$ cat input_11.cif   # mmCIF, C-alpha atoms
data_run
loop_
_atom_site.label_atom_id
_atom_site.label_comp_id
_atom_site.auth_asym_id
_atom_site.auth_seq_id
_atom_site.Cartn_x
_atom_site.Cartn_y
_atom_site.Cartn_z
CA ASP A 1 173.62 124.36 156.98
CA THR A 2 175.81 121.54 158.24
CA GLY A 3 174.38 118.10 158.85
CA VAL A 4 174.31 116.02 162.01
CA SER A 5 177.80 115.23 163.26
CA GLN A 6 178.91 112.47 165.60
CA ASN A 7 182.18 111.81 167.41
CA PRO A 8 184.10 109.63 167.54
CA ARG A 9 183.38 107.75 164.33
CA HIS A 10 184.92 104.58 165.66
CA LYS A 11 185.56 103.37 169.21
CA ILE A 12 187.26 100.17 170.30
CA THR A 13 187.14 99.41 174.00
CA LYS A 14 187.63 96.55 176.38
CA ARG A 15 184.73 94.93 178.18
CA GLY A 16 183.96 96.71 181.42
CA GLN A 17 185.18 100.15 180.31
CA ASN A 18 182.96 103.21 180.04
CA VAL A 19 182.49 105.03 176.73
CA THR A 20 180.85 108.32 175.77
CA PHE A 21 179.64 109.43 172.35
CA ARG A 22 178.71 112.92 171.23
CA CYS A 23 176.09 114.11 168.74
CA ASP A 24 175.73 117.62 167.36
CA PRO A 25 172.33 118.02 165.67
CA ILE A 26 171.45 120.32 162.80
CA SER A 27 171.31 123.88 164.09
CA GLU A 28 167.87 124.90 165.39
CA HIS A 29 166.53 121.35 165.37
CA ASN A 30 164.89 120.91 168.74
CA ARG A 31 164.29 117.15 168.49
CA LEU A 32 167.15 114.68 168.88
CA TYR A 33 167.09 110.87 168.70
CA TRP A 34 169.52 108.05 169.41
CA TYR A 35 169.26 104.69 167.60
CA ARG A 36 171.32 101.53 167.66
CA GLN A 37 171.99 99.32 164.65
CA THR A 38 173.47 95.84 164.78
CA LEU A 39 174.79 93.94 161.76
CA GLY A 40 172.10 93.02 159.25
CA GLN A 41 169.31 94.80 161.13
CA GLY A 42 167.51 98.09 160.80
CA PRO A 43 168.19 100.83 163.37
CA GLU A 44 166.29 100.55 166.67
CA PHE A 45 165.09 103.52 168.69
CA LEU A 46 166.86 104.17 172.00
CA THR A 47 165.79 107.59 173.26
CA TYR A 48 164.32 110.98 172.30
CA PHE A 49 164.90 114.56 173.46
CA GLN A 50 162.81 117.63 172.86
CA ASN A 51 165.15 120.50 173.65
CA GLU A 52 166.85 119.43 176.91
CA ALA A 53 164.04 117.15 178.10
CA GLN A 54 164.41 113.40 177.63
CA LEU A 55 160.83 112.42 176.85
CA GLU A 56 161.06 108.76 175.91
CA LYS A 57 163.42 105.86 176.53
CA SER A 58 163.26 102.43 174.95
CA ARG A 59 163.38 99.27 177.02
CA LEU A 60 166.63 98.62 175.08
CA LEU A 61 168.21 101.40 177.14
CA SER A 62 169.37 99.47 180.20
CA ASP A 63 170.52 101.20 183.38
CA ARG A 64 174.10 101.09 182.04
CA PHE A 65 173.09 103.61 179.38
CA SER A 66 172.54 107.29 180.04
CA ALA A 67 171.89 110.13 177.65
CA GLU A 68 171.90 113.86 178.19
CA ARG A 69 171.24 117.02 176.22
CA PRO A 70 172.19 119.65 178.78
CA LYS A 71 171.47 122.87 176.92
CA GLY A 72 169.19 121.57 174.24
CA SER A 73 172.00 121.54 171.70
CA PHE A 74 174.50 118.67 171.57
CA SER A 75 173.82 115.33 173.23
CA THR A 76 175.97 112.65 174.83
CA LEU A 77 175.33 108.93 175.17
CA GLU A 78 177.33 107.11 177.84
CA ILE A 79 177.60 103.37 178.23
CA GLN A 80 178.99 102.15 181.55
CA ARG A 81 180.62 98.76 182.09
CA THR A 82 180.47 97.89 178.40
CA GLU A 83 179.60 94.36 177.34
CA GLN A 84 180.34 92.58 174.06
CA GLY A 85 176.64 92.76 173.23
CA ASP A 86 176.92 96.56 173.15
CA SER A 87 178.97 96.33 169.95
CA ALA A 88 176.90 98.15 167.34
CA MET A 89 176.58 101.32 165.30
CA TYR A 90 175.10 104.14 167.38
CA LEU A 91 173.20 106.63 165.23
CA CYS A 92 171.99 110.09 166.12
CA ALA A 93 169.25 111.95 164.26
CA SER A 94 167.57 115.32 164.56
CA SER A 95 164.36 116.85 163.27
CA PRO A 96 163.01 120.43 163.28
CA GLY A 97 160.07 119.90 165.62
CA TRP A 98 158.86 123.46 165.00
CA SER A 99 158.46 123.80 161.24
CA PRO A 100 157.07 121.41 158.68
CA PRO A 101 157.88 118.73 157.99
CA TYR A 102 158.20 118.62 161.77
CA ASN A 103 159.33 115.04 162.08
CA GLU A 104 161.58 114.49 159.07
CA GLN A 105 164.70 113.03 160.63
CA PHE A 106 168.26 113.52 159.39
CA PHE A 107 170.94 111.12 160.53
CA GLY A 108 174.57 111.53 161.42
CA PRO A 109 177.34 109.23 160.18
CA GLY A 110 177.20 107.10 163.34
CA THR A 111 179.72 105.88 165.91
CA ARG A 112 180.78 102.28 165.45
CA LEU A 113 181.52 100.67 168.83
CA THR A 114 183.51 97.46 169.16
CA VAL A 115 183.77 95.90 172.61
CA LEU A 116 186.58 93.36 172.93
CA GLY B 1 153.62 98.30 168.32
CA ILE B 2 153.62 99.00 164.62
CA GLN B 3 155.28 96.41 162.38
CA VAL B 4 157.21 97.25 159.20
CA GLU B 5 157.97 94.67 156.54
CA GLN B 6 160.12 95.27 153.48
CA SER B 7 160.38 93.15 150.36
CA PRO B 8 162.31 91.74 148.72
CA PRO B 9 165.11 91.27 151.28
CA ASP B 10 167.72 91.06 148.53
CA LEU B 11 167.76 92.24 144.94
CA ILE B 12 170.40 91.88 142.23
CA LEU B 13 170.08 93.95 139.06
CA GLN B 14 172.05 94.69 135.94
CA GLU B 15 172.95 98.30 135.43
CA GLY B 16 170.15 100.08 133.59
CA ALA B 17 167.33 97.91 134.96
CA ASN B 18 164.34 99.21 136.90
CA SER B 19 163.18 97.99 140.30
CA THR B 20 160.39 98.37 142.84
CA LEU B 21 160.90 98.04 146.59
CA ARG B 22 157.90 97.57 148.86
CA CYS B 23 157.20 98.57 152.46
CA ASN B 24 154.12 97.30 154.32
CA PHE B 25 153.14 98.66 157.71
CA SER B 26 150.60 97.37 160.18
CA ASP B 27 148.95 100.57 161.44
CA SER B 28 148.29 104.20 160.55
CA VAL B 29 151.34 106.43 160.34
CA ASN B 30 152.21 110.10 160.90
CA ASN B 31 155.48 109.85 159.03
CA LEU B 32 157.16 107.55 156.52
CA GLN B 33 160.70 107.99 155.29
CA TRP B 34 162.86 106.09 152.80
CA PHE B 35 166.62 105.97 153.37
CA HIS B 36 169.63 104.63 151.49
CA GLN B 37 172.43 103.36 153.71
CA ASN B 38 175.79 103.63 152.03
CA PRO B 39 178.69 101.20 152.62
CA TRP B 40 180.03 103.46 155.41
CA GLY B 41 176.78 103.24 157.32
CA GLN B 42 175.45 106.73 156.62
CA LEU B 43 171.68 106.93 156.20
CA ILE B 44 170.84 109.21 153.30
CA ASN B 45 167.36 110.72 153.16
CA LEU B 46 165.52 109.80 149.98
CA PHE B 47 161.89 110.74 150.66
CA TYR B 48 159.68 112.03 153.44
CA ILE B 49 156.36 110.62 152.19
CA PRO B 50 153.56 109.86 154.69
CA SER B 51 151.16 109.93 151.73
CA GLY B 52 151.08 110.65 148.02
CA THR B 53 153.74 110.48 145.34
CA LYS B 54 157.09 112.21 145.00
CA GLN B 55 159.86 112.08 142.43
CA ASN B 56 163.52 112.98 142.62
CA GLY B 57 165.49 112.24 139.47
CA ARG B 58 165.57 108.50 138.83
CA LEU B 59 163.85 107.77 142.12
CA SER B 60 160.18 108.06 142.94
CA ALA B 61 158.01 106.93 145.81
CA THR B 62 154.32 106.38 146.44
CA THR B 63 152.60 105.87 149.78
CA VAL B 64 149.01 104.62 149.92
CA ALA B 65 148.30 105.29 153.57
CA THR B 66 144.79 103.83 153.52
CA GLU B 67 146.19 100.50 152.31
CA ARG B 68 149.29 100.70 154.52
CA TYR B 69 152.05 100.36 152.00
CA SER B 70 154.72 102.40 150.26
CA LEU B 71 156.70 101.71 147.10
CA LEU B 72 160.13 103.00 146.08
CA TYR B 73 160.89 102.94 142.37
CA ILE B 74 164.42 103.04 141.02
CA SER B 75 164.73 103.53 137.28
CA SER B 76 167.82 103.06 135.08
CA SER B 77 169.78 101.73 138.06
CA GLN B 78 173.47 102.56 138.45
CA THR B 79 176.20 100.80 140.42
CA THR B 80 176.16 103.70 142.87
CA ASP B 81 172.57 102.76 143.79
CA SER B 82 173.92 99.65 145.53
CA GLY B 83 173.40 99.46 149.27
CA VAL B 84 170.61 98.90 151.76
CA TYR B 85 167.28 100.69 151.44
CA PHE B 86 165.26 101.22 154.60
CA CYS B 87 161.66 102.21 155.09
CA ALA B 88 160.90 103.76 158.48
CA VAL B 89 157.58 104.86 159.95
CA GLU B 90 156.26 106.82 162.89
CA GLY B 91 153.05 105.22 164.08
CA GLU B 92 150.06 107.42 164.92
CA GLY B 93 150.15 105.96 168.42
CA SER B 94 153.67 107.23 169.10
CA SER B 95 152.42 110.27 171.08
CA ASN B 96 153.95 112.54 168.44
CA THR B 97 157.48 111.75 169.60
CA GLY B 98 158.56 111.18 166.03
CA LYS B 99 160.40 107.96 166.83
CA LEU B 100 160.91 105.84 163.74
CA ILE B 101 160.37 102.10 163.45
CA PHE B 102 162.55 100.64 160.72
CA GLY B 103 162.00 97.68 158.46
CA GLN B 104 164.71 95.08 157.96
CA GLY B 105 165.82 96.68 154.72
CA THR B 106 166.28 95.63 151.10
CA THR B 107 169.86 95.00 150.03
CA LEU B 108 170.34 96.07 146.43
CA GLN B 109 173.31 95.09 144.31
CA VAL B 110 173.64 96.67 140.87
CA LYS B 111 176.11 94.88 138.60
CA PRO B 112 177.94 96.71 135.78
#
$ encode --input "input_11.cif" --output "structure tokens"
Amino acid sequence: DTGVSQNPRHKITKRGQNVTFRCDPISEHNRLYWYRQTLGQGPEFLTYFQNEAQLEKSRLLSDRFSAERPKGSFSTLEIQRTEQGDSAMYLCASSPGWSPPYNEQFFGPGTRLTVL
Amino acid sequence: GIQVEQSPPDLILQEGANSTLRCNFSDSVNNLQWFHQNPWGQLINLFYIPSGTKQNGRLSATTVATERYSLLYISSSQTTDSGVYFCAVEGEGSSNTGKLIFGQGTTLQVKP
């Protein structure tokens, strides 16, 4: 059973550009989460999917951010018109949702975004 | 929302020493996890422990849910234990979404 994977691992972009990150959860996990971590802080929740439905979004997720999970498998997180304040590590996690422990989350290696 | 506080913020140990990391939370929880973040940023699962006691090798954890705290014990520390340790909780009021609220972490440095 492979773990959560994320691509790319690193992304450097110029302010104002759009970026998209991908997350592939653990197979058969129906819950998927996105978090953001800035230097010296703990991760902060951004959004949550159960299968293909996006059920919760944090106030941190401005209208420049959009996330999808079209077939209930992989997910994408897009940031439009990037700003320097978007520089962070973006972490994806998945949990089973259907077998105990239902909510134990497993994290991917993250995508480190640098906005110049 | 639920608050999570970890202590101490920083800890320096000599190899072979034991340590205790603490996590206090402000409300009842459905889930509590301990993670170790390695230098590359990967969060490694240590324990899923909303209540009770678990042990895994040199590591053990105890959560006393009624008193709203959890402890992570590291015995006979090794240099590879260095890194940041996070406690994360899912509050009972989270509508069963599973979203985790993280503490600020404890940065552990183990010296040879």
$ interface_residues --input "input_11.cif" --of "chain A" --to "chain B" --cutoff "7 Å" --atoms "all atoms listed in the file" --output "number ranges by chain"
A: 41-45, 103-104, 106-110
$ resolve_selection --input "input_11.cif" --expression "the PyMOL selection byres ((chain B and resi 71) around 10)" --output "PyMOL selection string"
chain B and resi 6-7+20-24+34+53+60-64+69-70+72-74+87
$ atom_distance --input "input_11.cif" --atom1 "atom CA of A:Ser75" --atom2 "atom CA of A:Asp24"
6.6 Å
$ closest_residue --input "input_11.cif" --among "A:Trp98, A:Phe49, A:Tyr35, A:Phe21" --to "A:Glu78" --atoms "all atoms listed in the file"
A:Phe21
$ resolve_selection --input "input_11.cif" --expression "the PyMOL selection byres ((chain A and resi 33) around 7)" --output "list in words"
Arg31, Leu32, Trp34, Tyr35, Thr47, Tyr48, Phe49, Cys92, Ala93 and Ser94 of chain A
$ resolve_selection --input "input_11.cif" --expression "the PyMOL selection byres ((chain B and resi 27) around 7)" --output "list in words"
Ile2, Phe25, Ser26, Ser28, Val29, Arg68 and Gly91 of chain B
$ closest_residue --input "input_11.cif" --among "A:Ser87, A:Ser5, A:Thr111, A:Asn30" --to "A:Gln50" --atoms "all atoms listed in the file"
A:Asn30
$ atom_distance --input "input_11.cif" --atom1 "atom CA of A:Cys23" --atom2 "atom CA of A:Leu77"
8.3 Å
$ closest_residue --input "input_11.cif" --among "A:Thr13, A:Asn18, A:Thr38, A:Asn51" --to "A:Arg81" --atoms "all atoms listed in the file"
A:Asn18
$ atom_distance --input "input_11.cif" --atom1 "atom CA of B:Thr80" --atom2 "atom CA of B:Gly57"
14.1 Å
$ axis_aligned_box --input "input_11.cif" --around "stretch 83-90 of chain A" --padding-each-side "3 Å" --output "lines of an AutoDock Vina configuration file"
center_x = 177.7
center_y = 98.4
center_z = 171.3
size_x = 11.2
size_y = 17.6
size_z = 18.0
$ closest_residue --input "input_11.cif" --among "A:Leu55, A:Arg15, A:Gln105, A:Thr114" --to "B:Val89" --atoms "all atoms listed in the file"
A:Gln105
$ residues_around --input "input_11.cif" --residues "A:Ser27" --least-positions-apart "2" --cutoff "9 Å" --atoms "all atoms listed in the file" --output "list in words"
Asp1, Thr2, Gly3, Val4, Asp24, Pro25, His29, Asn30 and Ser73 of chain A
$ residues_near_point --input "input_11.cif" --point "(179.3, 97.0, 178.4)" --cutoff "9 Å" --atoms "all atoms listed in the file" --output "JSON, numbers by chain"
{"A": [14, 15, 16, 17, 18, 19, 64, 79, 80, 81, 82, 83, 84, 85, 86, 87, 115]}
$ residues_near_point --input "input_11.cif" --point "(180.5, 98.6, 134.0)" --cutoff "12 Å" --atoms "only C-alpha atoms" --output "CSV table (one decimal) with C-alpha atoms, keeping the file's coordinate frame"
chain,number,residue,atom,x,y,z
B,14,GLN,CA,172.0,94.7,135.9
B,15,GLU,CA,173.0,98.3,135.4
B,16,GLY,CA,170.2,100.1,133.6
B,77,SER,CA,169.8,101.7,138.1
B,78,GLN,CA,173.5,102.6,138.4
B,79,THR,CA,176.2,100.8,140.4
B,80,THR,CA,176.2,103.7,142.9
B,110,VAL,CA,173.6,96.7,140.9
B,111,LYS,CA,176.1,94.9,138.6
B,112,PRO,CA,177.9,96.7,135.8
